[in-house]
Amino acid sequence: MRQLPVVFKRELASYFATPLAYVFIVIFLVLSGVFTFYLGSFFERGQADLASFFNFHPWLYLFLVPALAMRLWAEERKSGTIELLMTLPITRAEAVGGKFLAAWAFAGIALLLTFPMVLTVNYLGEPDNGAILTGYLGSWLLAGSYLAIGSCLSALAKNQVIAFILTVCVCFLFVASGFPLVLDAFSGWAPQALVDAVASLSFLTRFDAISKGVIDLRDLLYFASLILAWLMATAVVLDLKKAD
Amino acid sequence: MIEIEKLTKRFAQHTVVDDLSFRIQPGEVLGFLGPNGAGKSTTMKMLTGFLAPTSGSARLFGFDIQKDTLKAQRQLGYLPEGAPCYGDMHVRGFLEFIAEVRGYRGAEKRSRVARAVEQVELQAVLGQSIETLSKGFKRRVGLAQAILHDPRALILDEPTDGLDPNQKHQVRQLIQNLATDKIIIISTHILEEVTAVCSRAVVIAAGKLVADGTPFELESRSRYHQAVTLVGDAPLDEVALAALPGVAGVERNEREHSLTVLAQPGQVIFPHVSALVAARGWNIKEMDVERGRLDEVFRTLTRGEAA
Ligand SMILES: Nc1ncnc2c1ncn2[C@@H]1O[C@H](COP(=O)(O)OP(=O)(O)OP(=O)(O)O)[C@@H](O)[C@H]1O
Ligand SMILES: [Mg+2]
């Protein structure tokens, strides 16, 4: 893993070499403000916490993160630089991990720039700053999961738009699998174990728990293994499809 | 040493590289020739570990490219076809990235980059972003990237494509300078380049090896090998020329009063021709002995006929 930081650094710098990064950050900040203050009734709730901020993240990320992830590999394949990268003496894990971590770090930077929210609630009341911290952690893990899924699908598609649409769909499945609507569709015929399994796949329930300040090791493990699994899938897909 | 053993690549039933075997020793500059779609780039992609062969193997200095991929790749500099580079990076940043991936840090990194930049004359565009470079400069960035770590083997896919005549000359010179202790494989469609820089030429067609020898050996397969071309100021006696010992035939050229006298394989006819010219007192403006025409050999070889 010696060359991972090299790949990471190049990749992160490349985000800021194009306007894409700034556009992304601005859209993210504006939308999270709109969601929190208008749709989330931040003031009307009269509570000093960031629940109305974090609640919308799964939905906000559903469109923003795939936009970030779609270029990860699709662009390398389109421009042919994948041939350069894959013939340099770096391992698959270094390439996949370095690129993913750069995208994740970028998402983290965007997330950190929402710090005025934290200042605002602290100014208005006495929030539980520990819960806010875990909220940020949960949100970042969520972004990482979306990104890992996007990384794999971006490796699968040469076209960035297709990568984007596929990622939105798959991420939506992961979010929606916790909905009563989906679970009801299963509970009629499937054994309870399967219903539980589907429910446990959902981002929503685990994200809710973490963002309320409840850190369960199983939830952390869930996100970590989900990210790892999708990154491994990325490496496999790359090996199969890189030359097409 | 590079050992290629029964290398084969199939894409969906379509065999692109077919049972290719050969060895390359340090000091050799191998020109890899073949018509479009012959499988040159595909072979190079397998040699550099980008594509996995369907069957067969390639070993670079003892490291199997499939099993010891990283070790083999460390010995290699590779310029992929079309010289892909990260367009949004600046030339200096890109070369520093490559140097870091190759394991150089600090002063060593800077000196490696500086040296590569000097070798392909990139000083003027160091601060420019790669996507705004002209095609030839992009190719030079790709070359700089490949030679930066002074690899033991260089694999260059059409390195002079898109370069101006000065740069072509420069790159050929560079290849010759590097060649002393390295293995260099270049694919090219410019046959004069093969005569100019390569010590060995391998021709493939439809994925199969059709010829392997020095450029001189290939040239001597040409029907024009040892042919004598004459340009006179009056019509020349074709019958007398054709009757000379060792002459295979006489061809008329487009130029007025110009003939090419072909030699039978293994024969040297120049003394006889010049003796006849002297005996008849012809006024000859030009007289050349040909080494052979590589393009003609190439055509014959790659159209499936035996040369
Ligand atoms: N990923 C792929 N899938 C299917 N066919 C492929 C793939 N890559 C290459 N081919 C086919 O393999 C053949 C050889 O291609 P290759 O690029 O090796 O030719 P080449 O000798 O380098 O030709 P050129 O002189 O035009 O560069 C072509 O017919 C090409 O269509
Ligand atoms: Mg080619």
# chains A, B, ... in the order shown; residues from 1 in each chain; ligands from 1
$ residues_around --residues "Thr134 in chain A" --least-positions-apart "3" --cutoff "8 Å" --atoms "only C-alpha atoms" --output "PyMOL selection string"
chain A and resi 130-131+137-138+210-215
$ residues_around --residues "range 54-64 of chain A" --least-positions-apart "5" --cutoff "7 Å" --atoms "only C-alpha atoms" --output "PDB file with N, CA, C and O atoms, in the first residue's frame"
ATOM      1  N   PHE A  35     -32.874  22.242   2.422  1.00  0.00           N
ATOM      2  CA  PHE A  35     -33.565  21.117   3.049  1.00  0.00           C
ATOM      3  C   PHE A  35     -33.730  21.349   4.539  1.00  0.00           C
ATOM      4  O   PHE A  35     -34.797  21.136   5.111  1.00  0.00           O
ATOM      5  N   GLY A 135     -23.483  12.298  14.092  1.00  0.00           N
ATOM      6  CA  GLY A 135     -24.281  12.573  12.897  1.00  0.00           C
ATOM      7  C   GLY A 135     -23.370  12.774  11.697  1.00  0.00           C
ATOM      8  O   GLY A 135     -23.595  12.216  10.620  1.00  0.00           O
ATOM      9  N   SER A 139     -23.095  10.427   8.420  1.00  0.00           N
ATOM     10  CA  SER A 139     -23.303  11.003   7.100  1.00  0.00           C
ATOM     11  C   SER A 139     -22.118  10.706   6.187  1.00  0.00           C
ATOM     12  O   SER A 139     -22.283  10.394   4.999  1.00  0.00           O
ATOM     13  N   ALA A 143     -22.020   8.553   2.743  1.00  0.00           N
ATOM     14  CA  ALA A 143     -21.449   9.038   1.488  1.00  0.00           C
ATOM     15  C   ALA A 143     -20.438   8.022   0.958  1.00  0.00           C
ATOM     16  O   ALA A 143     -20.386   7.749  -0.246  1.00  0.00           O
ATOM     17  N   VAL A 168     -27.469   5.689  -9.120  1.00  0.00           N
ATOM     18  CA  VAL A 168     -28.664   6.209  -8.435  1.00  0.00           C
ATOM     19  C   VAL A 168     -29.629   5.054  -8.155  1.00  0.00           C
ATOM     20  O   VAL A 168     -30.156   4.922  -7.044  1.00  0.00           O
ATOM     21  N   CYS A 171     -28.218   2.641  -5.389  1.00  0.00           N
ATOM     22  CA  CYS A 171     -28.243   3.317  -4.086  1.00  0.00           C
ATOM     23  C   CYS A 171     -29.681   3.431  -3.587  1.00  0.00           C
ATOM     24  O   CYS A 171     -29.958   3.236  -2.398  1.00  0.00           O
ATOM     25  N   PHE A 172     -30.581   3.716  -4.514  1.00  0.00           N
ATOM     26  CA  PHE A 172     -31.984   3.828  -4.107  1.00  0.00           C
ATOM     27  C   PHE A 172     -32.483   2.506  -3.537  1.00  0.00           C
ATOM     28  O   PHE A 172     -33.181   2.479  -2.532  1.00  0.00           O
ATOM     29  N   SER A 211     -26.983   8.810  13.448  1.00  0.00           N
ATOM     30  CA  SER A 211     -27.141  10.261  13.456  1.00  0.00           C
ATOM     31  C   SER A 211     -27.894  10.726  14.707  1.00  0.00           C
ATOM     32  O   SER A 211     -27.911  11.909  15.012  1.00  0.00           O
TER      33      SER A 211
END
$ interface_residues --of "chain B" --to "chain A" --cutoff "10 Å" --atoms "only C-alpha atoms" --output "ChimeraX atom specification"
/B:11,42,45,47-52,69-90,93-94,96-103,129,142,145-146
$ closest_atom_pairs --of "chain B" --to "ligand 1" --cutoff "6 Å" --atoms "only C-alpha atoms and all ligand atoms" --output "CSV"
residue,atom,partner,partner_atom_place_in_ligand_line,distance
B:Phe11,CA,ligand 1,4 (C),4.9
B:Val16,CA,ligand 1,12 (O),4.9
B:Pro35,CA,ligand 1,25 (O),5.5
B:Asn36,CA,ligand 1,26 (O),3.5
B:Gly37,CA,ligand 1,19 (O),3.4
B:Ala38,CA,ligand 1,21 (O),3.8
B:Gly39,CA,ligand 1,18 (O),3.1
B:Lys40,CA,ligand 1,21 (O),3.7
B:Ser41,CA,ligand 1,22 (O),3.6
B:Thr42,CA,ligand 1,18 (O),3.7
$ write_last_selection --atoms "N, CA, C and O atoms" --output "compact mmCIF listing (two decimals), in the first residue's frame"
# COMPACT_ATOMS: atom_id res chain seq x y z
N PHE B 11 -10.56 -12.53 -28.60
CA PHE B 11 -11.68 -11.70 -28.17
C PHE B 11 -12.93 -12.33 -28.76
O PHE B 11 -13.09 -12.31 -29.98
N VAL B 16 -6.88 -12.71 -32.13
CA VAL B 16 -6.20 -11.47 -32.51
C VAL B 16 -4.68 -11.66 -32.49
O VAL B 16 -3.97 -11.13 -33.34
N PRO B 35 0.17 -4.83 -40.56
CA PRO B 35 -0.87 -3.91 -41.01
C PRO B 35 -1.82 -3.55 -39.87
O PRO B 35 -1.75 -4.14 -38.80
N ASN B 36 -2.70 -2.59 -40.09
CA ASN B 36 -3.69 -2.21 -39.09
C ASN B 36 -4.48 -3.43 -38.65
O ASN B 36 -4.91 -4.23 -39.49
N GLY B 37 -4.65 -3.56 -37.35
CA GLY B 37 -5.44 -4.68 -36.83
C GLY B 37 -4.69 -5.99 -36.78
O GLY B 37 -5.27 -7.04 -36.52
N ALA B 38 -3.37 -5.96 -36.99
CA ALA B 38 -2.59 -7.20 -36.99
C ALA B 38 -2.44 -7.78 -35.59
O ALA B 38 -2.19 -8.98 -35.43
N GLY B 39 -2.58 -6.93 -34.58
CA GLY B 39 -2.44 -7.40 -33.21
C GLY B 39 -1.19 -6.87 -32.51
O GLY B 39 -0.80 -7.38 -31.46
N LYS B 40 -0.58 -5.85 -33.06
CA LYS B 40 0.64 -5.29 -32.44
C LYS B 40 0.32 -4.69 -31.07
O LYS B 40 0.97 -5.03 -30.07
N SER B 41 -0.66 -3.81 -31.04
CA SER B 41 -0.99 -3.17 -29.76
C SER B 41 -1.47 -4.20 -28.75
O SER B 41 -1.14 -4.11 -27.56
N THR B 42 -2.25 -5.16 -29.20
CA THR B 42 -2.75 -6.19 -28.29
C THR B 42 -1.58 -6.97 -27.68
O THR B 42 -1.57 -7.26 -26.48
$ select_by_dssp --residues "range 14-244 of chain A" --states "helix (DSSP H, G or I)" --output "PyMOL selection string"
chain A and resi 14-17+19-39+51-54+57-69+71-79+81-87+92-112+115-124+129-156+160-176+180-187+192-201+203-211+217-241
$ atom_distance --atom1 "CA of Arg172 in chain B" --atom2 "CA of Ile184 in chain B"
11.6 Å
$ closest_residue --among "B:His189, B:Arg280, B:Arg252, B:Lys9" --to "ligand 2" --atoms "only C-alpha atoms and all ligand atoms"
B:His189
$ residues_around --residues "Cys169 in chain A" --least-positions-apart "6" --cutoff "12 Å" --atoms "only C-alpha atoms" --output "compact mmCIF listing (two decimals) with N, CA and C atoms, in the first residue's frame"
# COMPACT_ATOMS: atom_id res chain seq x y z
N LEU A 62 -28.30 10.82 -2.72
CA LEU A 62 -28.77 9.91 -3.76
C LEU A 62 -28.45 10.47 -5.15
N PHE A 63 -28.46 11.79 -5.29
CA PHE A 63 -28.15 12.36 -6.60
C PHE A 63 -26.77 13.01 -6.67
N PRO A 66 -23.57 10.03 -6.65
CA PRO A 66 -23.33 9.37 -7.95
C PRO A 66 -22.70 10.31 -8.97
N TYR A 146 -22.26 5.10 -0.71
CA TYR A 146 -22.74 5.49 -2.04
C TYR A 146 -21.56 5.52 -3.02
N ILE A 149 -20.34 2.07 -4.10
CA ILE A 149 -21.25 1.51 -5.11
C ILE A 149 -20.99 2.19 -6.46
N GLY A 150 -20.87 3.52 -6.41
CA GLY A 150 -20.63 4.28 -7.63
C GLY A 150 -19.31 3.91 -8.28
N LEU A 153 -19.84 0.67 -10.26
CA LEU A 153 -20.66 0.82 -11.46
C LEU A 153 -19.98 1.71 -12.48
N ILE A 162 -24.45 6.75 -17.97
CA ILE A 162 -24.97 5.43 -17.60
C ILE A 162 -24.49 5.05 -16.21
N ALA A 163 -23.23 5.34 -15.93
CA ALA A 163 -22.70 5.06 -14.59
C ALA A 163 -23.51 5.80 -13.54
N VAL A 175 -31.32 2.25 -0.06
CA VAL A 175 -32.05 3.13 0.86
C VAL A 175 -33.45 2.58 1.08
N ALA A 176 -34.09 2.18 -0.02
CA ALA A 176 -35.51 1.83 0.04
C ALA A 176 -35.77 0.50 0.71
$ residues_around --residues "range 293-300 of chain B" --least-positions-apart "6" --cutoff "9 Å" --atoms "only C-alpha atoms" --output "ChimeraX atom specification"
/B:33-35,191-192,195,203,215,218-225,306-307
$ write_last_selection --atoms "C-alpha atoms" --output "compact mmCIF listing (two decimals), in the first residue's frame"
# COMPACT_ATOMS: atom_id res chain seq x y z
CA LEU B 33 5.46 -4.33 -37.85
CA GLY B 34 2.15 -5.36 -39.27
CA PRO B 35 -0.87 -3.91 -41.01
CA LEU B 191 9.29 1.59 -42.57
CA GLU B 192 12.24 3.93 -42.99
CA THR B 195 15.90 0.73 -41.30
CA VAL B 203 6.39 -8.71 -38.90
CA PRO B 215 16.05 -5.04 -41.58
CA LEU B 218 14.08 -8.36 -44.87
CA GLU B 219 15.21 -5.97 -47.53
CA SER B 220 17.12 -8.71 -49.29
CA ARG B 221 13.88 -10.62 -49.70
CA SER B 222 12.72 -7.84 -51.96
CA ARG B 223 12.72 -8.37 -55.70
CA TYR B 224 14.48 -5.03 -55.81
CA HIS B 225 17.40 -6.26 -53.73
CA ALA B 306 5.44 -16.13 -49.28
CA ALA B 307 8.20 -13.70 -50.10
$ decode --residues "range 149-187 of chain A" --atoms "N, CA and C atoms" --output "short mmCIF file (atom, residue, chain, number, x, y, z; two decimals), in the first residue's frame"
data_model
loop_
_atom_site.label_atom_id
_atom_site.label_comp_id
_atom_site.auth_asym_id
_atom_site.auth_seq_id
_atom_site.Cartn_x
_atom_site.Cartn_y
_atom_site.Cartn_z
N ILE A 149 -20.34 2.07 -4.10
CA ILE A 149 -21.25 1.51 -5.11
C ILE A 149 -20.99 2.19 -6.46
N GLY A 150 -20.87 3.52 -6.41
CA GLY A 150 -20.63 4.28 -7.63
C GLY A 150 -19.31 3.91 -8.28
N SER A 151 -18.30 3.61 -7.47
CA SER A 151 -17.00 3.24 -8.00
C SER A 151 -17.11 1.97 -8.84
N CYS A 152 -17.83 0.99 -8.32
CA CYS A 152 -17.98 -0.28 -9.02
C CYS A 152 -18.76 -0.08 -10.32
N LEU A 153 -19.84 0.67 -10.26
CA LEU A 153 -20.66 0.82 -11.46
C LEU A 153 -19.98 1.71 -12.48
N SER A 154 -19.13 2.60 -12.00
CA SER A 154 -18.36 3.43 -12.91
C SER A 154 -17.31 2.59 -13.65
N ALA A 155 -16.82 1.57 -12.97
CA ALA A 155 -15.86 0.67 -13.63
C ALA A 155 -16.57 -0.18 -14.67
N LEU A 156 -17.85 -0.40 -14.45
CA LEU A 156 -18.63 -1.26 -15.34
C LEU A 156 -19.01 -0.53 -16.63
N ALA A 157 -19.30 0.75 -16.52
CA ALA A 157 -19.80 1.51 -17.67
C ALA A 157 -18.72 2.44 -18.19
N LYS A 158 -18.65 2.55 -19.50
CA LYS A 158 -17.67 3.47 -20.07
C LYS A 158 -18.27 4.87 -20.13
N ASN A 159 -19.59 4.89 -20.16
CA ASN A 159 -20.30 6.15 -20.29
C ASN A 159 -20.67 6.68 -18.91
N GLN A 160 -20.28 7.92 -18.65
CA GLN A 160 -20.50 8.48 -17.31
C GLN A 160 -21.98 8.63 -16.97
N VAL A 161 -22.80 8.96 -17.97
CA VAL A 161 -24.22 9.14 -17.70
C VAL A 161 -24.85 7.81 -17.28
N ILE A 162 -24.45 6.75 -17.97
CA ILE A 162 -24.97 5.43 -17.60
C ILE A 162 -24.49 5.05 -16.21
N ALA A 163 -23.23 5.34 -15.93
CA ALA A 163 -22.70 5.06 -14.59
C ALA A 163 -23.51 5.80 -13.54
N PHE A 164 -23.86 7.05 -13.83
CA PHE A 164 -24.63 7.86 -12.89
C PHE A 164 -26.01 7.23 -12.64
N ILE A 165 -26.70 6.90 -13.71
CA ILE A 165 -28.07 6.37 -13.56
C ILE A 165 -28.04 5.04 -12.82
N LEU A 166 -27.11 4.16 -13.19
CA LEU A 166 -27.01 2.87 -12.50
C LEU A 166 -26.76 3.07 -11.00
N THR A 167 -25.87 4.01 -10.69
CA THR A 167 -25.54 4.23 -9.29
C THR A 167 -26.75 4.76 -8.51
N VAL A 168 -27.47 5.69 -9.12
CA VAL A 168 -28.66 6.21 -8.44
C VAL A 168 -29.63 5.05 -8.16
N CYS A 169 -29.82 4.20 -9.15
CA CYS A 169 -30.77 3.09 -8.98
C CYS A 169 -30.34 2.15 -7.85
N VAL A 170 -29.07 1.72 -7.89
CA VAL A 170 -28.62 0.76 -6.88
C VAL A 170 -28.64 1.40 -5.49
N CYS A 171 -28.22 2.64 -5.39
CA CYS A 171 -28.24 3.32 -4.09
C CYS A 171 -29.68 3.43 -3.59
N PHE A 172 -30.58 3.72 -4.51
CA PHE A 172 -31.98 3.83 -4.11
C PHE A 172 -32.48 2.51 -3.54
N LEU A 173 -32.09 1.39 -4.17
CA LEU A 173 -32.49 0.08 -3.66
C LEU A 173 -32.01 -0.09 -2.22
N PHE A 174 -30.76 0.32 -1.98
CA PHE A 174 -30.21 0.16 -0.63
C PHE A 174 -30.93 1.06 0.38
N VAL A 175 -31.32 2.25 -0.06
CA VAL A 175 -32.05 3.13 0.86
C VAL A 175 -33.45 2.58 1.08
N ALA A 176 -34.09 2.18 -0.02
CA ALA A 176 -35.51 1.83 0.04
C ALA A 176 -35.77 0.50 0.71
N SER A 177 -34.73 -0.33 0.85
CA SER A 177 -35.00 -1.65 1.40
C SER A 177 -35.44 -1.59 2.85
N GLY A 178 -35.37 -0.43 3.48
CA GLY A 178 -35.86 -0.32 4.85
C GLY A 178 -37.29 0.20 4.92
N PHE A 179 -37.87 0.56 3.77
CA PHE A 179 -39.22 1.13 3.78
C PHE A 179 -40.27 0.09 4.09
N PRO A 180 -41.31 0.48 4.84
CA PRO A 180 -42.43 -0.44 5.08
C PRO A 180 -42.99 -0.97 3.77
N LEU A 181 -43.05 -0.10 2.78
CA LEU A 181 -43.60 -0.49 1.48
C LEU A 181 -42.87 -1.71 0.91
N VAL A 182 -41.55 -1.63 0.95
CA VAL A 182 -40.75 -2.72 0.41
C VAL A 182 -40.87 -3.95 1.30
N LEU A 183 -40.79 -3.71 2.60
CA LEU A 183 -40.82 -4.83 3.53
C LEU A 183 -42.16 -5.55 3.48
N ASP A 184 -43.26 -4.78 3.31
CA ASP A 184 -44.58 -5.41 3.20
C ASP A 184 -44.64 -6.33 1.99
N ALA A 185 -44.00 -5.90 0.93
CA ALA A 185 -44.01 -6.71 -0.28
C ALA A 185 -43.37 -8.07 -0.03
N PHE A 186 -42.43 -8.09 0.91
CA PHE A 186 -41.77 -9.36 1.23
C PHE A 186 -42.53 -10.15 2.30
N SER A 187 -43.07 -9.41 3.27
CA SER A 187 -43.56 -10.10 4.47
C SER A 187 -44.73 -11.02 4.17
#
